[in-house]
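Engineer: Compact mmCIF, C-alpha atoms and all ligand atoms, saved as input-v5.txt, coming up:
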# COMPACT_ATOMS: atom_id res chain seq x y z
CA MET A 6 98.77 91.17 139.60
CA TRP A 7 99.52 91.07 135.86
CA LYS A 8 97.69 88.10 134.33
CA GLY A 9 98.77 88.34 130.69
CA VAL A 10 97.52 90.14 127.60
CA ILE A 11 94.12 88.45 127.32
CA GLU A 12 93.03 89.49 130.80
CA ALA A 13 94.56 92.95 130.40
CA TYR A 14 92.84 93.71 127.10
CA ARG A 15 89.87 91.33 127.22
CA MET A 16 87.36 93.87 125.84
CA PHE A 17 89.42 94.26 122.64
CA LEU A 18 89.88 90.52 122.07
CA PRO A 19 87.65 87.71 120.75
CA VAL A 20 87.08 85.95 124.09
CA THR A 21 84.07 85.26 126.31
CA ASP A 22 83.79 84.32 129.99
CA ALA A 23 83.76 80.67 128.88
CA THR A 24 87.03 80.89 126.91
CA PRO A 25 89.75 78.73 128.55
CA VAL A 26 92.58 81.29 128.70
CA VAL A 27 96.06 79.78 128.23
CA SER A 28 98.59 82.31 129.45
CA LEU A 29 102.16 82.52 130.74
CA CYS A 30 101.60 86.11 131.96
CA GLU A 31 103.04 87.47 128.70
CA GLY A 32 103.08 91.20 127.90
CA ASN A 33 103.59 94.18 130.22
CA THR A 34 107.10 94.54 128.80
CA PRO A 35 109.13 97.67 129.60
CA LEU A 36 109.33 100.67 127.31
CA ILE A 37 112.88 101.82 127.98
CA GLN A 38 113.92 105.34 127.02
CA LEU A 39 117.31 105.33 125.30
CA HIS A 40 119.67 107.81 126.95
CA ASN A 41 122.93 107.46 125.03
CA LEU A 42 122.11 106.48 121.42
CA PRO A 43 120.12 109.64 120.59
CA GLY A 44 123.16 111.84 121.33
CA LEU A 45 125.55 109.54 119.48
CA PHE A 46 123.40 109.75 116.33
CA ASN A 47 122.30 113.37 116.70
CA ILE A 48 118.65 112.48 117.18
CA ALA A 49 116.63 115.21 118.89
CA ALA A 50 113.50 113.13 119.44
CA GLU A 51 112.74 110.96 122.48
CA TRP A 52 113.66 107.40 121.54
CA TYR A 53 112.22 104.35 123.30
CA ALA A 54 112.81 100.60 123.00
CA LYS A 55 109.91 98.21 123.67
CA TYR A 56 111.79 95.23 125.09
CA GLU A 57 109.70 92.32 123.84
CA GLY A 58 112.58 89.97 124.59
CA LEU A 59 111.32 90.01 128.19
CA ASN A 60 108.24 87.96 127.32
CA PRO A 61 108.08 84.43 128.84
CA THR A 62 109.72 82.66 125.89
CA GLY A 63 111.92 85.65 125.04
CA SER A 64 110.09 87.13 122.07
CA PHE A 65 106.96 89.05 121.00
CA LYS A 66 105.47 85.82 119.65
CA ASP A 67 104.02 85.06 123.10
CA ARG A 68 101.37 87.76 122.69
CA GLY A 69 99.95 86.12 119.59
CA MET A 70 100.59 82.53 120.61
CA CYS A 71 98.70 82.96 123.88
CA MET A 72 95.64 84.02 121.85
CA ALA A 73 96.07 81.35 119.13
CA ILE A 74 96.49 78.49 121.62
CA THR A 75 93.61 79.75 123.75
CA LYS A 76 91.28 79.73 120.73
CA ALA A 77 92.59 76.36 119.54
CA LYS A 78 91.83 74.92 122.98
CA GLU A 79 88.39 76.50 122.98
CA ALA A 80 87.68 74.86 119.62
CA GLY A 81 88.76 71.46 120.99
CA SER A 82 91.93 71.15 118.91
CA LYS A 83 94.47 68.57 120.08
CA ILE A 84 97.42 69.37 117.80
CA VAL A 85 99.01 72.63 116.64
CA MET A 86 101.63 73.12 113.94
CA CYS A 87 103.77 75.95 112.57
CA ALA A 88 106.66 76.75 110.29
CA SER A 89 109.29 78.89 111.96
CA THR A 90 112.60 80.69 111.78
CA GLY A 91 112.77 79.91 115.52
CA ASN A 92 110.78 82.17 117.80
CA THR A 93 107.34 81.04 116.69
CA SER A 94 108.37 77.43 117.30
CA ALA A 95 109.60 78.27 120.81
CA ALA A 96 106.35 80.05 121.67
CA ALA A 97 104.13 77.38 120.08
CA ALA A 98 105.94 74.62 121.94
CA ALA A 99 105.69 76.43 125.28
CA TYR A 100 102.01 77.40 125.05
CA ALA A 101 101.05 73.96 123.69
CA ALA A 102 102.84 72.39 126.67
CA ARG A 103 100.92 74.69 128.99
CA ALA A 104 97.62 73.77 127.30
CA GLY A 105 98.33 70.04 127.22
CA MET A 106 98.31 69.95 123.43
CA ALA A 107 100.68 68.28 120.98
CA CYS A 108 102.89 70.53 118.86
CA CYS A 109 104.85 69.99 115.65
CA VAL A 110 107.26 72.60 114.28
CA LEU A 111 108.90 72.74 110.86
CA ILE A 112 112.19 74.63 110.74
CA PRO A 113 114.88 75.33 108.12
CA GLU A 114 117.83 73.05 108.79
CA GLY A 115 120.89 74.80 110.22
CA LYS A 116 119.39 78.30 110.04
CA ILE A 117 117.79 78.58 113.44
CA ALA A 118 119.46 80.14 116.46
CA LEU A 119 120.49 77.78 119.24
CA GLY A 120 118.38 79.29 122.03
CA LYS A 121 115.20 78.93 119.99
CA LEU A 122 115.92 75.35 119.00
CA SER A 123 116.65 74.41 122.61
CA GLN A 124 113.29 75.83 123.68
CA ALA A 125 111.22 73.94 121.09
CA MET A 126 113.06 70.74 122.01
CA LEU A 127 112.74 71.02 125.79
CA HIS A 128 109.06 72.03 125.68
CA GLY A 129 108.50 68.71 123.95
CA ALA A 130 107.53 69.70 120.42
CA LEU A 131 108.10 67.32 117.54
CA VAL A 132 110.85 69.27 115.77
CA LEU A 133 111.20 68.61 112.04
CA GLN A 134 114.10 70.16 110.13
CA ILE A 135 113.69 70.45 106.37
CA GLN A 136 116.27 71.07 103.71
CA GLY A 137 114.64 74.28 102.62
CA ASN A 138 113.89 77.75 103.93
CA PHE A 139 111.05 79.21 105.99
CA ASP A 140 108.91 79.85 102.92
CA ASP A 141 109.14 76.17 101.89
CA ALA A 142 108.23 75.13 105.44
CA LEU A 143 105.20 77.43 105.56
CA THR A 144 103.90 76.10 102.25
CA LEU A 145 104.06 72.54 103.61
CA VAL A 146 102.43 73.47 106.91
CA ARG A 147 99.56 75.23 105.12
CA GLU A 148 98.92 72.14 103.01
CA ILE A 149 99.04 69.70 105.92
CA THR A 150 96.89 71.75 108.30
CA ALA A 151 94.28 72.28 105.56
CA GLU A 152 93.96 68.52 105.15
CA TYR A 153 94.27 67.16 108.72
CA PRO A 154 92.76 68.06 112.13
CA ILE A 155 95.72 70.24 113.11
CA THR A 156 95.51 73.94 113.96
CA LEU A 157 97.89 76.23 112.08
CA VAL A 158 99.49 78.71 114.51
CA ASN A 159 101.54 80.82 112.12
CA SER A 160 100.40 84.46 111.83
CA LEU A 161 98.05 83.46 109.00
CA ASN A 162 95.93 82.38 111.97
CA PRO A 163 93.97 85.60 112.65
CA TYR A 164 94.09 85.06 116.44
CA ARG A 165 97.87 85.53 116.32
CA ILE A 166 97.34 89.05 114.96
CA GLU A 167 94.66 89.72 117.59
CA GLY A 168 97.05 88.84 120.40
CA GLN A 169 100.00 90.72 118.94
CA LYS A 170 98.03 93.96 118.53
CA THR A 171 98.17 94.29 122.35
CA GLY A 172 101.77 95.50 121.92
CA ALA A 173 100.38 98.71 120.42
CA PHE A 174 97.88 99.08 123.28
CA GLU A 175 100.69 98.80 125.83
CA ILE A 176 102.83 101.41 124.10
CA VAL A 177 99.96 103.90 124.06
CA ASP A 178 99.17 103.13 127.71
CA GLN A 179 102.84 103.56 128.65
CA LEU A 180 103.45 106.79 126.70
CA GLY A 181 100.02 108.31 127.28
CA ASP A 182 99.59 108.60 123.50
CA ALA A 183 100.77 106.92 120.30
CA PRO A 184 104.38 107.65 119.27
CA ASP A 185 105.15 109.61 116.10
CA PHE A 186 107.27 106.82 114.58
CA HIS A 187 107.03 103.04 115.08
CA PHE A 188 110.17 101.20 113.90
CA ILE A 189 109.84 97.43 113.54
CA PRO A 190 111.66 94.52 111.87
CA VAL A 191 109.69 92.83 109.08
CA GLY A 192 109.93 89.12 108.31
CA ASN A 193 106.66 87.35 107.58
CA ALA A 194 105.00 90.76 108.21
CA GLY A 195 102.51 89.59 110.85
CA ASN A 196 103.78 91.91 113.54
CA ILE A 197 103.66 95.16 111.55
CA THR A 198 100.11 94.14 110.55
CA ALA A 199 99.17 93.51 114.18
CA TYR A 200 100.66 96.74 115.52
CA TRP A 201 98.87 98.81 112.89
CA LYS A 202 95.57 97.07 113.78
CA GLY A 203 96.22 97.80 117.46
CA TYR A 204 97.06 101.46 116.94
CA THR A 205 94.03 102.08 114.72
CA GLU A 206 91.63 100.28 117.09
CA TYR A 207 92.92 102.19 120.11
CA PHE A 208 92.70 105.45 118.16
CA SER A 209 89.08 104.76 117.22
CA HIS A 210 88.34 104.23 120.93
CA GLN A 211 89.88 107.68 121.65
CA LYS A 212 92.75 106.08 123.59
CA SER A 213 95.25 108.09 121.51
CA THR A 214 95.14 111.42 119.70
CA LYS A 215 97.24 110.32 116.72
CA LEU A 216 98.61 107.39 114.74
CA PRO A 217 102.32 106.62 114.24
CA LYS A 218 104.11 106.32 110.93
CA MET A 219 104.83 102.60 110.50
CA MET A 220 108.52 102.15 109.64
CA GLY A 221 109.27 98.52 108.70
CA TYR A 222 112.81 97.20 108.12
CA GLN A 223 113.81 94.06 106.26
CA ALA A 224 117.33 92.62 106.06
CA ALA A 225 118.98 93.59 102.76
CA GLY A 226 119.46 89.95 101.66
CA SER A 227 115.83 89.15 102.47
CA ALA A 228 113.91 92.23 101.39
CA PRO A 229 111.07 91.11 99.11
CA ILE A 230 108.75 94.02 99.95
CA VAL A 231 111.49 96.59 99.27
CA MET A 232 112.48 94.84 96.02
CA GLY A 233 108.87 94.35 94.96
CA HIS A 234 109.18 90.62 94.31
CA PRO A 235 109.67 87.39 96.31
CA ILE A 236 113.29 86.43 97.06
CA GLU A 237 113.92 82.79 96.21
CA HIS A 238 117.05 82.38 98.33
CA PRO A 239 116.82 84.87 101.19
CA ASP A 240 120.00 85.34 103.18
CA THR A 241 120.95 87.30 106.31
CA ILE A 242 122.66 86.79 109.66
CA ALA A 243 119.33 87.86 111.19
CA THR A 244 117.92 84.35 110.76
CA ALA A 245 114.58 85.31 112.37
CA ILE A 246 113.73 87.48 109.35
CA ARG A 247 115.30 85.28 106.68
CA ILE A 248 111.99 85.17 104.79
CA GLY A 249 111.58 85.62 101.03
CA ASN A 250 107.80 85.68 100.54
CA PRO A 251 105.97 87.16 103.55
CA ALA A 252 102.45 85.86 104.19
CA SER A 253 101.15 89.29 105.26
CA TRP A 254 102.84 91.21 102.43
CA GLN A 255 99.70 93.15 101.38
CA GLN A 256 98.80 94.05 104.97
CA ALA A 257 102.33 95.38 105.57
CA VAL A 258 102.09 97.56 102.47
CA ALA A 259 98.67 98.79 103.64
CA ALA A 260 100.08 99.67 107.09
CA ARG A 261 102.91 101.58 105.45
CA ASP A 262 100.65 103.49 103.05
CA GLU A 263 97.78 104.23 105.44
CA SER A 264 100.21 105.56 108.06
CA GLY A 265 102.44 107.51 105.67
CA GLY A 266 105.36 105.32 106.72
CA LEU A 267 108.11 103.40 104.99
CA ILE A 268 109.37 99.88 104.38
CA ASP A 269 113.13 99.90 103.82
CA MET A 270 116.07 97.57 104.36
CA VAL A 271 119.26 97.52 106.43
CA THR A 272 122.42 95.55 105.70
CA ASP A 273 123.81 92.82 107.94
CA ASP A 274 126.63 95.23 108.89
CA GLU A 275 124.13 97.90 109.91
CA ILE A 276 122.18 95.33 111.92
CA THR A 277 125.34 94.15 113.65
CA GLN A 278 126.47 97.68 114.48
CA ALA A 279 123.03 98.49 115.90
CA GLN A 280 123.05 95.34 118.04
CA GLN A 281 126.51 96.23 119.38
CA MET A 282 125.62 99.88 120.04
CA LEU A 283 122.44 98.99 121.90
CA ALA A 284 124.24 96.42 124.03
CA GLY A 285 127.35 98.53 124.61
CA HIS A 286 125.77 101.95 125.19
CA GLU A 287 122.34 101.20 126.61
CA GLY A 288 122.82 97.82 128.32
CA ILE A 289 120.07 96.19 126.27
CA PHE A 290 120.68 92.81 124.65
CA CYS A 291 118.49 92.02 121.64
CA GLU A 292 118.80 89.44 118.89
CA PRO A 293 120.06 90.45 115.41
CA ALA A 294 116.62 90.67 113.75
CA SER A 295 115.41 92.99 116.50
CA ALA A 296 118.36 95.31 115.94
CA ALA A 297 116.92 96.08 112.49
CA SER A 298 114.48 98.40 114.29
CA ILE A 299 117.45 100.29 115.80
CA ALA A 300 119.45 100.24 112.54
CA GLY A 301 116.35 101.60 110.81
CA VAL A 302 116.26 104.67 113.05
CA ILE A 303 119.98 105.27 112.52
CA LYS A 304 119.62 104.96 108.74
CA TYR A 305 116.52 107.15 108.58
CA ALA A 306 118.22 109.83 110.69
CA GLN A 307 121.06 110.11 108.16
CA ALA A 308 118.75 111.65 105.54
CA ASN A 309 115.85 112.94 107.63
CA ARG A 310 115.35 114.97 110.77
CA PHE A 311 113.64 113.80 113.88
CA GLU A 312 112.34 116.88 115.70
CA SER A 313 112.53 117.45 119.45
CA GLY A 314 109.13 116.74 120.95
CA GLN A 315 108.65 113.77 118.63
CA ARG A 316 108.67 110.25 119.99
CA ILE A 317 110.16 107.17 118.35
CA VAL A 318 109.54 103.57 119.45
CA SER A 319 111.74 100.68 118.25
CA ILE A 320 110.37 97.19 118.83
CA LEU A 321 113.02 94.83 120.21
CA THR A 322 111.23 91.69 119.13
CA GLY A 323 113.53 89.05 120.67
CA HIS A 324 116.10 88.65 123.47
CA GLY A 325 119.82 88.58 122.65
CA LEU A 326 120.23 85.25 124.46
CA LYS A 327 118.22 83.61 121.68
CA ASP A 328 121.32 83.72 119.48
CA PRO A 329 124.43 83.51 121.70
CA THR A 330 126.50 82.15 118.81
CA ARG A 331 126.14 85.39 116.88
CA ALA A 332 126.80 87.57 119.94
CA ILE A 333 130.07 85.75 120.63
CA GLU A 334 131.07 86.09 116.96
CA ILE A 335 130.73 89.88 116.97
CA ALA A 336 132.09 90.70 120.44
CA SER A 337 135.68 90.86 121.67
CA ARG A 338 137.11 87.62 123.04
CA PRO A 339 137.61 86.99 126.75
CA VAL A 340 141.27 87.47 127.73
CA VAL A 341 143.04 84.45 129.22
CA VAL A 342 145.21 85.49 132.19
CA ASP A 343 147.38 83.79 134.79
CA ARG A 344 145.79 83.27 138.18
CA THR A 345 147.72 86.18 139.75
CA LYS A 346 146.92 89.72 140.79
CA ALA A 347 149.84 91.05 138.72
CA ALA A 348 148.61 89.44 135.53
CA ILE A 349 145.11 90.80 136.05
CA LEU A 350 146.36 94.30 136.83
CA LYS A 351 148.46 94.33 133.69
CA VAL A 352 145.40 93.77 131.53
CA LEU A 353 143.29 96.09 133.67
CA SER A 354 145.70 99.06 133.62
CA PRO A 355 144.44 100.79 130.42
CA MET A 356 140.96 100.78 131.94
CA LEU A 357 142.25 102.25 135.21
CA GLU A 358 144.21 104.92 133.35
CA SER A 359 141.28 106.07 131.24
CA ALA A 360 138.83 106.20 134.16
C1 LIG A 401 112.97 88.30 116.68
O1 LIG A 401 109.62 82.68 114.36
O2 LIG A 401 108.77 84.41 111.52
O3 LIG A 401 107.30 90.18 110.45
O4 LIG A 401 108.95 81.91 112.45
O5 LIG A 401 111.56 86.16 115.45
O6 LIG A 401 105.84 89.20 112.23
O7 LIG A 401 107.36 87.75 110.89
C2 LIG A 401 109.95 85.23 113.38
C3 LIG A 401 109.89 86.55 113.08
C4 LIG A 401 111.13 89.92 113.96
C5 LIG A 401 109.59 89.25 112.19
N1 LIG A 401 111.92 89.70 115.01
O8 LIG A 401 108.24 89.35 112.57
C6 LIG A 401 109.28 82.85 113.19
C7 LIG A 401 109.30 84.20 112.61
C8 LIG A 401 112.07 88.46 115.51
C9 LIG A 401 111.39 87.38 114.92
C10 LIG A 401 110.45 88.90 113.35
C11 LIG A 401 110.58 87.60 113.80
P1 LIG A 401 107.11 89.10 111.47
Can you dump the structure from the file as structure tokens?
Ligand code: AN7
Structural biologist:
Amino acid sequence: MWKGVIEAYRMFLPVTDATPVVSLCEGNTPLIQLHNLPGLFNIAAEWYAKYEGLNPTGSFKDRGMCMAITKAKEAGSKIVMCASTGNTSAAAAAYAARAGMACCVLIPEGKIALGKLSQAMLHGALVLQIQGNFDDALTLVREITAEYPITLVNSLNPYRIEGQKTGAFEIVDQLGDAPDFHFIPVGNAGNITAYWKGYTEYFSHQKSTKLPKMMGYQAAGSAPIVMGHPIEHPDTIATAIRIGNPASWQQAVAARDESGGLIDMVTDDEITQAQQMLAGHEGIFCEPASAASIAGVIKYAQANRFESGQRIVSILTGHGLKDPTRAIEIASRPVVVDRTKAAILKVLSPMLESA
């Protein structure tokens, strides 16, 4: 029986037999080979999607939050706090509930997807909306947690990175080796940092024969690392990565440079097209920020060749149901029909004719 990432990768994590593990059986997410997109974009390599949206709260954050809450509980902490564009708050609220701890989340007013907000609320977190962006919220949370007996559970907390590195272990275990390219959305840059740590640790334990190129993608309106300076007013429809001054900026740059990879950006249109293509041609529903890792592959393939025999992994960081508002905005409307067979057949006939 799968018991979550701490039990699965205990020997690589900072836990002892006495550590009170707080888990929702996160991890063990599928690595789905894409069958239709490679042909549509003339990509010769094998292309896989790591569907992190299938974690218990619907995003990759569960891997890191399980570790952070476990260590907070071990240290006797009673309260945890984070700033969030949404998914971190959902995960923090859920794992704190599980651990019997209090949780406070600071979110940017109006810029968080509905699914994520509903999770933080129902799991019983104290939800505070500020008139500011994620970067403002994180600054406040850092100040408050430094002064009061509250554990910070943003990815500045090193246990978050420890937990999230298990994503890399799973990919290597699933593929039998590391991929050649690892495409990933970049917001606060904790996840790219964690994956690189995971790949390099597994490699040094001879679990893989190679290391992937780390290919990070920011949204064009929120691309501080690409631009080389913080963005004061970040903007994108991919609200999860609407971040102007990533906390793990230097680590992301190190991952890029040590792996011979790239940090680039994709536009909101490219993100939207990627989300639609993945949903419409592969049957996989991810949230907009996650689609940056698909849009990244499509963009890279326009100027570069992927060779047959190479393997690409795109990290689908969050489930599409996190942001139903956006999905409905970009999809075709339901058709209203009379309650008769004739009316239905009239609308159905083009489909019947083309089949
Ligand atoms: C779906 O929840 O920062 O580069 O506060 O939710 O590790 O920040 C979310 C980030 C990618 C970027 N995809 O990861 C938060 C938050 C999704 C996300 C990212 C996020 P990082």
Engineer: As an exercise, work out the distance from CA of Ala73 (chain A) to CA of Glu114 (chain A) in Å and give it to one decimal place.
Structural biologist: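 Result for CA of Ala73 (chain A) versus CA of Glu114 (chain A): 25.5 Å, one decimal.
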Engineer: Give me, please, the distance in Å between CA of Ala224 (chain A) and CA of Ala99 (chain A), quoted to one decimal.
Structural biologist: 27.7 Å
Engineer: List all protein, DNA and RNA residues that have at least one atom no more than 9 Å from any atom of ligand LIG 401 (chain A), counting only C-alpha atoms and all ligand atoms, and write them as a ChimeraX atom specification.
Structural biologist: /A:57-58,63-66,87-96,112,121,139,159-160,166,189-199,221,223,243-248,251-253,257,291-297,320-324,327
Engineer: Each residue of region 126-182 of chain A with at least one atom at most 9 Å from region 212-220 of chain A should appear once, together with its nearest atom pair and the corresponding distance in Å (one decimal); atoms considered: only C-alpha atoms; ordering: chain, then increasing residue number; output as a Markdown table.
Structural biologist:
| residue | atom | partner | partner_atom | distance |
| --- | --- | --- | --- | --- |
| A:Phe174 | CA | A:Lys212 | CA | 8.7 |
| A:Val177 | CA | A:Ser213 | CA | 6.8 |
| A:Asp178 | CA | A:Lys212 | CA | 8.2 |
| A:Gly181 | CA | A:Ser213 | CA | 7.5 |
| A:Asp182 | CA | A:Ser213 | CA | 4.8 |
Engineer: Extract, using all atoms listed in the file, all DNA, RNA and protein residues at most 8 Å from Val132 (chain A), discarding same-chain residues fewer than 2 positions from it, and format them as a VMD selection string.
Structural biologist: chain A and resid 109 to 112 125 to 126 130 134
Engineer: As an exercise, work out the distance from CA of Thr171 (chain A) to CA of Lys8 (chain A) in Å and give it to one decimal place.
Structural biologist: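 CA of Lys8 (chain A) lies 13.5 Å from CA of Thr171 (chain A).
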Engineer: Find the residues around Pro184 (chain A) up to 7 Å (all atoms listed in the file counted), leave out those fewer than 5 positions away in its own chain, and share them as a list in words.
Structural biologist: Pro217, Arg316, Ile317 and Val318 of chain A
Engineer: Please provide the set of residues having any atom within 6 Å of region 37-43 of chain A, restricted to only C-alpha atoms, with same-chain residues fewer than 6 positions apart removed, written as a list in words.
Structural biologist: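 Residues meeting the cut-off are Trp52, Tyr53 and Ala54 of chain A.
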Engineer: Generate a file of the selected residues that holds C-alpha atoms, formatted as an mmCIF file, keeping the file's coordinate frame.
Structural biologist:
data_model
loop_
_atom_site.group_PDB
_atom_site.id
_atom_site.type_symbol
_atom_site.label_atom_id
_atom_site.label_comp_id
_atom_site.auth_asym_id
_atom_site.auth_seq_id
_atom_site.Cartn_x
_atom_site.Cartn_y
_atom_site.Cartn_z
ATOM 1 C CA TRP A 52 113.660 107.400 121.540
ATOM 2 C CA TYR A 53 112.220 104.350 123.300
ATOM 3 C CA ALA A 54 112.810 100.600 123.000
#
Engineer: Kindly indicate which residue among A:Val158, A:Ile242, A:Ala49, A:Ala142 lies nearest to Lys116 (chain A), using all atoms listed in the file for the distances.
Structural biologist: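 Among A:Val158, A:Ile242, A:Ala49, A:Ala142, it is A:Ile242 that comes nearest to Lys116 (chain A).
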